[in-house]
Amino acid sequence: MKTNHKKTVKIPLTVDQKIRRRTFISFGTFLALGSGAYVGWKWLLNAPEETAGITGGARVPLRRALNKTELFFRNFFSNKHLVKTYPVDRAAKNPRINSLIGIEDDEDFDIAAWKLQVKLNNQKNRYITIEEIKALPKTEIVYDFKCVEGWDEIQHWAGVKLSDFLTHFQLGNEAEKQYMGLETPNGAYYVGLERESILHPQTLLAYEMNGKAISTEHGAPLRLIIPVKYGIKNLKRIGMMSFSNSRPKDYWAEQGYDYYSGL
Amino acid sequence: MKVIKEKHSLLMRWTHWVNFPVLTIMIWSGLFIYWANDAYGISIFGFTLIKFFPEWFYDYFHIPQRLAEGMAFHFLFMWFFFINGLLYIIYTVFSGAWRELLPNKNSFKEAWLVLLHDLHIRKTVPPQKKYNAAQRIAYTAIIFMGLGSVITGLAIYKPVQFYWICWLCGGYHFARILHFALTIGYVFFFLIHIVQVALAGWNNFRAVIAGFEVVEDQAQPRVQELTIETEDKDENKS
């Protein structure tokens with residue numbers, strides 16, 4: 001086997017065989033893995049949708065991924081991470097109106113009779129008037145409102161800090177719970193928010209837009225402005241507030257969107 | 001005489017092929033997100049040159065109301081895109097393969113010669129090792145584009161928590177434009193890549209799956225000696 005003569009005879013054969021063998025094994029593996037990936041993709045694409053509940057509409061594995069991703073990125077949440085603010089003159093004169101769910105479908109709504117209903121466990125519900133809310137210290141914010149659709153707009157809002165509101169009305173114990181639920185008076189639109197975002201210093205119960213009372217389409221008399229969330233969580237025309245340790249129902253999460261929807 | 005020449009390591013082949021479906025899914029799901037607010041186009045002097053996208057494209061994908069679906073897929077496959085890219089970069093750095101990949105000081109001049117050669121304007125083949133100058137620039141650029149997509153993606157995804165990334169990307173609005181522009185870049189890269197692969201032929205394509213290419217040995221004494229030695233070793237092993 002050590003002579004040069006034998007080698008020159010054998011090498012061309014060996015190389016050709018090697019080429020064929022390696023090519024066959026590699027392409028076989030490639031096709032097998034490729035088919036596996038395709039089957040996996042089909043499985044994911046046709047995975048069952050979640051049954052209606054707090055969340056729904058998304059494929060089960062995708063929802064699981066959204067939840068895991070939420071848990072990962074919640075590690076980065078901090079109340080010290082403030083949303084960038086702008087000078088007042090940068091704010092849009094006519095802020096964009098995107099959705100009227102819970103507003104246009106409520107013809108019985110009487111703004112004069114409006115009171116914020118706060119649901120308390122084991123106690124009677126509390127009702128808070130807009131005058132009581134306006135009596136609290138006012139906080140203004142001009143920031144870049146971000147819609148889940150991808151557009152953003154600098155808007156000017158004013159109201160009471162949600163954390164101030166909770167302290168003033170002695171709802172601190174309630175707010176210890178993991179979640180807050182908010183609903184329009186007719187119950188057509190509703191969101192669930194977790195405590196960290198509720199207590200964020202820039203989260204407001206807003207009653208003013210561009211220095212004037214909020215218009216009907218923007219959620220008069222009281223709406224949520226929560227800059228650490230996409231627009232879908234900024235409930236207009238708040239009717240009812242509740243607290244719980246499990247996720248409250250959320251309109252867009254039921255349509256397959258990420259429950260957290262944080263920024 | 002034919003000689004097997006090792007070309008692409010297993011990890012480079014693996015990450016290359018994983019990237020292909022993952023990037024496709026990222027672009028596909030990204031389109032569903034973009035279409036929820038399809039604001040971009042290219043216009044010159046008020047005349048719209050290109051509006052992303054033409055109507056038939058919308059009809060084909062029957063797009064309305066697929067934002068939630070797009071986001072769900074995007075936020076799952078971003079992990080694979082990120083991990084796969086990270087794996088490749090780590091490997092390239094630690095194996096020393098970056099030496100064959102990063103453009104050097106002659107690359108930008110040579111890339112021009114490659115282009116002329118590819119367009120059949122210039123006959124002589126420009127010098128190259130594993131990758132020619134144009135490939136070095138293109139493949140390095142695509143790695144940086146991937147990095148750019150991850151960074152701009154994070155800026156849009158968590159503009160409050162990662163406010164400094166958002167600032168680096170020129171703000172929320174501009175980060176979204178960059179993210180979109182990079183995607184257009186991938187599509188162009190892909191088209192050129194496919195044409196080049198088709199032109200380069202079977203030996204080149206096989207190398208990206210099997211890892212080796214077959215070269216015709218010019219029977220130079222020194223090289224022959226080397227091949228015999230390696231054959232010797234292989235035979236002793238088996």
# chains A, B, ... in the order shown; residues from 1 in each chain; ligands from 1
$ closest_atom_pairs --of "chain B" --to "chain A" --cutoff "8 Å" --atoms "only C-alpha atoms" --output "tab-separated table"
residue	atom	partner	partner_atom	distance
B:Met1	CA	A:Pro12	CA	6.8
B:Lys2	CA	A:Pro12	CA	6.9
B:Val3	CA	A:Val15	CA	6.7
B:Ile4	CA	A:Val15	CA	7.0
B:Ile33	CA	A:Glu149	CA	6.9
B:Tyr34	CA	A:Gly150	CA	7.2
B:Ala36	CA	A:Glu149	CA	5.0
B:Asn37	CA	A:Glu149	CA	5.6
B:Leu67	CA	A:Glu149	CA	7.4
B:Ala68	CA	A:Tyr257	CA	4.9
B:Glu69	CA	A:Ala58	CA	6.9
B:Met71	CA	A:Tyr257	CA	7.7
B:Ala72	CA	A:Leu62	CA	5.8
B:Phe73	CA	A:Leu62	CA	6.8
B:Phe75	CA	A:Leu66	CA	6.8
B:Leu76	CA	A:Ala65	CA	5.8
B:Tyr157	CA	A:Leu263	CA	6.2
B:Lys158	CA	A:Leu263	CA	4.3
B:Pro159	CA	A:Leu263	CA	5.7
B:Val160	CA	A:Leu263	CA	5.5
B:Gln161	CA	A:His81	CA	5.8
B:Tyr163	CA	A:His81	CA	7.7
B:His173	CA	A:Asp152	CA	7.2
B:Arg206	CA	A:Thr23	CA	7.5
B:Ile209	CA	A:Ser26	CA	6.3
B:Ala210	CA	A:Ser26	CA	4.9
B:Val214	CA	A:Ile19	CA	8.0
B:Ile228	CA	A:Lys7	CA	7.7
B:Glu231	CA	A:Ile11	CA	7.7
$ residues_around --residues "Ile101 (chain A)" --least-positions-apart "4" --cutoff "8 Å" --atoms "only C-alpha atoms" --output "NGL selection string"
:A and (105 or 188-189)
$ write_last_selection --atoms "C-alpha atoms" --output "tab-separated table (two decimals), in the first residue's frame"
chain	number	residue	atom	x	y	z
A	105	ASP	CA	-72.27	51.42	19.22
A	188	ALA	CA	-68.22	46.44	23.94
A	189	TYR	CA	-64.52	47.24	24.35
$ atom_distance --atom1 "CA of Phe77 (chain B)" --atom2 "CA of Ile194 (chain B)"
23.3 Å
$ select_by_dssp --residues "region 131-215 of chain A" --states "alpha helix (DSSP H)" --output "VMD selection string"
chain A and resid 131 to 134 162 to 168 172 to 175 195 to 198
$ residues_around --residues "region 10-21 of chain B" --least-positions-apart "5" --cutoff "8 Å" --atoms "only C-alpha atoms" --output "PyMOL selection string"
chain B and resi 81+84-85+87-88+91+208-209+211
$ write_last_selection --atoms "all heavy atoms" --output "PDB file, in the first residue's frame"
ATOM      1  N   PHE B  81     -34.386  33.612  13.862  1.00  0.00           N
ATOM      2  CA  PHE B  81     -33.558  34.499  13.035  1.00  0.00           C
ATOM      3  C   PHE B  81     -32.361  35.002  13.851  1.00  0.00           C
ATOM      4  O   PHE B  81     -31.218  34.974  13.396  1.00  0.00           O
ATOM      5  CB  PHE B  81     -34.402  35.677  12.544  1.00  0.00           C
ATOM      6  CG  PHE B  81     -33.666  36.626  11.641  1.00  0.00           C
ATOM      7  CD1 PHE B  81     -33.403  36.271  10.327  1.00  0.00           C
ATOM      8  CD2 PHE B  81     -33.241  37.855  12.097  1.00  0.00           C
ATOM      9  CE1 PHE B  81     -32.726  37.138   9.481  1.00  0.00           C
ATOM     10  CE2 PHE B  81     -32.556  38.727  11.260  1.00  0.00           C
ATOM     11  CZ  PHE B  81     -32.305  38.361   9.956  1.00  0.00           C
ATOM     12  N   ASN B  84     -29.951  31.947  15.020  1.00  0.00           N
ATOM     13  CA  ASN B  84     -29.222  31.441  13.863  1.00  0.00           C
ATOM     14  C   ASN B  84     -28.112  32.407  13.443  1.00  0.00           C
ATOM     15  O   ASN B  84     -26.976  31.995  13.195  1.00  0.00           O
ATOM     16  CB  ASN B  84     -30.202  31.210  12.710  1.00  0.00           C
ATOM     17  CG  ASN B  84     -29.592  30.407  11.594  1.00  0.00           C
ATOM     18  OD1 ASN B  84     -29.034  29.352  11.815  1.00  0.00           O
ATOM     19  ND2 ASN B  84     -29.695  30.945  10.380  1.00  0.00           N
ATOM     20  N   GLY B  85     -28.425  33.679  13.393  1.00  0.00           N
ATOM     21  CA  GLY B  85     -27.450  34.694  13.018  1.00  0.00           C
ATOM     22  C   GLY B  85     -26.322  34.783  14.039  1.00  0.00           C
ATOM     23  O   GLY B  85     -25.145  34.871  13.683  1.00  0.00           O
ATOM     24  N   LEU B  87     -25.324  32.430  16.067  1.00  0.00           N
ATOM     25  CA  LEU B  87     -24.519  31.212  15.942  1.00  0.00           C
ATOM     26  C   LEU B  87     -23.485  31.384  14.828  1.00  0.00           C
ATOM     27  O   LEU B  87     -22.303  31.066  14.983  1.00  0.00           O
ATOM     28  CB  LEU B  87     -25.453  30.051  15.615  1.00  0.00           C
ATOM     29  CG  LEU B  87     -25.073  28.666  16.066  1.00  0.00           C
ATOM     30  CD1 LEU B  87     -25.008  28.610  17.585  1.00  0.00           C
ATOM     31  CD2 LEU B  87     -26.101  27.656  15.564  1.00  0.00           C
ATOM     32  N   TYR B  88     -23.946  31.897  13.697  1.00  0.00           N
ATOM     33  CA  TYR B  88     -23.063  32.086  12.552  1.00  0.00           C
ATOM     34  C   TYR B  88     -21.943  33.077  12.882  1.00  0.00           C
ATOM     35  O   TYR B  88     -20.775  32.824  12.592  1.00  0.00           O
ATOM     36  CB  TYR B  88     -23.864  32.577  11.344  1.00  0.00           C
ATOM     37  CG  TYR B  88     -22.996  32.888  10.155  1.00  0.00           C
ATOM     38  CD1 TYR B  88     -22.549  31.869   9.322  1.00  0.00           C
ATOM     39  CD2 TYR B  88     -22.593  34.193   9.886  1.00  0.00           C
ATOM     40  CE1 TYR B  88     -21.731  32.147   8.237  1.00  0.00           C
ATOM     41  CE2 TYR B  88     -21.780  34.476   8.810  1.00  0.00           C
ATOM     42  CZ  TYR B  88     -21.353  33.456   7.986  1.00  0.00           C
ATOM     43  OH  TYR B  88     -20.544  33.735   6.928  1.00  0.00           O
ATOM     44  N   TYR B  91     -19.451  31.591  15.340  1.00  0.00           N
ATOM     45  CA  TYR B  91     -18.614  30.615  14.655  1.00  0.00           C
ATOM     46  C   TYR B  91     -17.569  31.313  13.779  1.00  0.00           C
ATOM     47  O   TYR B  91     -16.383  30.977  13.811  1.00  0.00           O
ATOM     48  CB  TYR B  91     -19.475  29.691  13.796  1.00  0.00           C
ATOM     49  CG  TYR B  91     -18.626  28.851  12.859  1.00  0.00           C
ATOM     50  CD1 TYR B  91     -17.966  27.726  13.327  1.00  0.00           C
ATOM     51  CD2 TYR B  91     -18.456  29.230  11.525  1.00  0.00           C
ATOM     52  CE1 TYR B  91     -17.151  26.986  12.493  1.00  0.00           C
ATOM     53  CE2 TYR B  91     -17.645  28.491  10.680  1.00  0.00           C
ATOM     54  CZ  TYR B  91     -17.001  27.370  11.174  1.00  0.00           C
ATOM     55  OH  TYR B  91     -16.201  26.653  10.347  1.00  0.00           O
ATOM     56  N   VAL B 208     -22.394  24.011  -1.038  1.00  0.00           N
ATOM     57  CA  VAL B 208     -23.172  24.625   0.036  1.00  0.00           C
ATOM     58  C   VAL B 208     -24.049  23.578   0.731  1.00  0.00           C
ATOM     59  O   VAL B 208     -24.589  23.802   1.809  1.00  0.00           O
ATOM     60  CB  VAL B 208     -24.024  25.795  -0.508  1.00  0.00           C
ATOM     61  CG1 VAL B 208     -24.669  26.568   0.623  1.00  0.00           C
ATOM     62  CG2 VAL B 208     -23.159  26.721  -1.329  1.00  0.00           C
ATOM     63  N   ILE B 209     -24.191  22.402   0.108  1.00  0.00           N
ATOM     64  CA  ILE B 209     -24.954  21.333   0.762  1.00  0.00           C
ATOM     65  C   ILE B 209     -24.012  20.256   1.297  1.00  0.00           C
ATOM     66  O   ILE B 209     -24.108  19.841   2.444  1.00  0.00           O
ATOM     67  CB  ILE B 209     -25.985  20.735  -0.218  1.00  0.00           C
ATOM     68  CG1 ILE B 209     -27.104  21.753  -0.450  1.00  0.00           C
ATOM     69  CG2 ILE B 209     -26.556  19.431   0.337  1.00  0.00           C
ATOM     70  CD1 ILE B 209     -28.149  21.321  -1.415  1.00  0.00           C
ATOM     71  N   GLY B 211     -20.563  20.476   1.284  1.00  0.00           N
ATOM     72  CA  GLY B 211     -19.404  21.046   1.956  1.00  0.00           C
ATOM     73  C   GLY B 211     -18.123  21.071   1.150  1.00  0.00           C
ATOM     74  O   GLY B 211     -17.209  21.799   1.468  1.00  0.00           O
TER      75      GLY B 211
END
$ residues_around --residues "Gly172 (chain A)" --least-positions-apart "4" --cutoff "12 Å" --atoms "only C-alpha atoms" --output "PyMOL selection string"
chain A and resi 120+162-168+176-177+195+198-199+243
$ atom_distance --atom1 "CA of Val215 (chain B)" --atom2 "CA of Val195 (chain B)"
22.3 Å
$ atom_distance --atom1 "CA of Ile141 (chain A)" --atom2 "CA of Gln202 (chain A)"
7.6 Å
$ residues_around --residues "region 180-184 of chain A" --least-positions-apart "5" --cutoff "6 Å" --atoms "only C-alpha atoms" --output "mmCIF file with C-alpha atoms, in the first residue's frame"
data_model
loop_
_atom_site.group_PDB
_atom_site.id
_atom_site.type_symbol
_atom_site.label_atom_id
_atom_site.label_comp_id
_atom_site.auth_asym_id
_atom_site.auth_seq_id
_atom_site.Cartn_x
_atom_site.Cartn_y
_atom_site.Cartn_z
ATOM 1 C CA GLY A 102 -67.580 50.896 22.500
ATOM 2 C CA TYR A 189 -64.515 47.237 24.352
ATOM 3 C CA TYR A 190 -62.370 46.033 27.215
ATOM 4 C CA VAL A 191 -58.695 45.690 28.049
ATOM 5 C CA GLY A 192 -56.549 43.957 30.637
ATOM 6 C CA LEU A 193 -53.380 45.571 31.978
ATOM 7 C CA ARG A 237 -64.608 56.162 27.473
ATOM 8 C CA ILE A 238 -63.820 54.188 30.605
ATOM 9 C CA GLY A 239 -66.980 52.959 32.302
ATOM 10 C CA MET A 240 -65.795 50.285 34.659
ATOM 11 C CA MET A 241 -62.565 49.462 36.453
ATOM 12 C CA SER A 242 -61.825 46.147 38.176
ATOM 13 C CA PHE A 243 -58.893 44.330 39.761
ATOM 14 C CA PRO A 248 -59.109 40.114 32.629
#
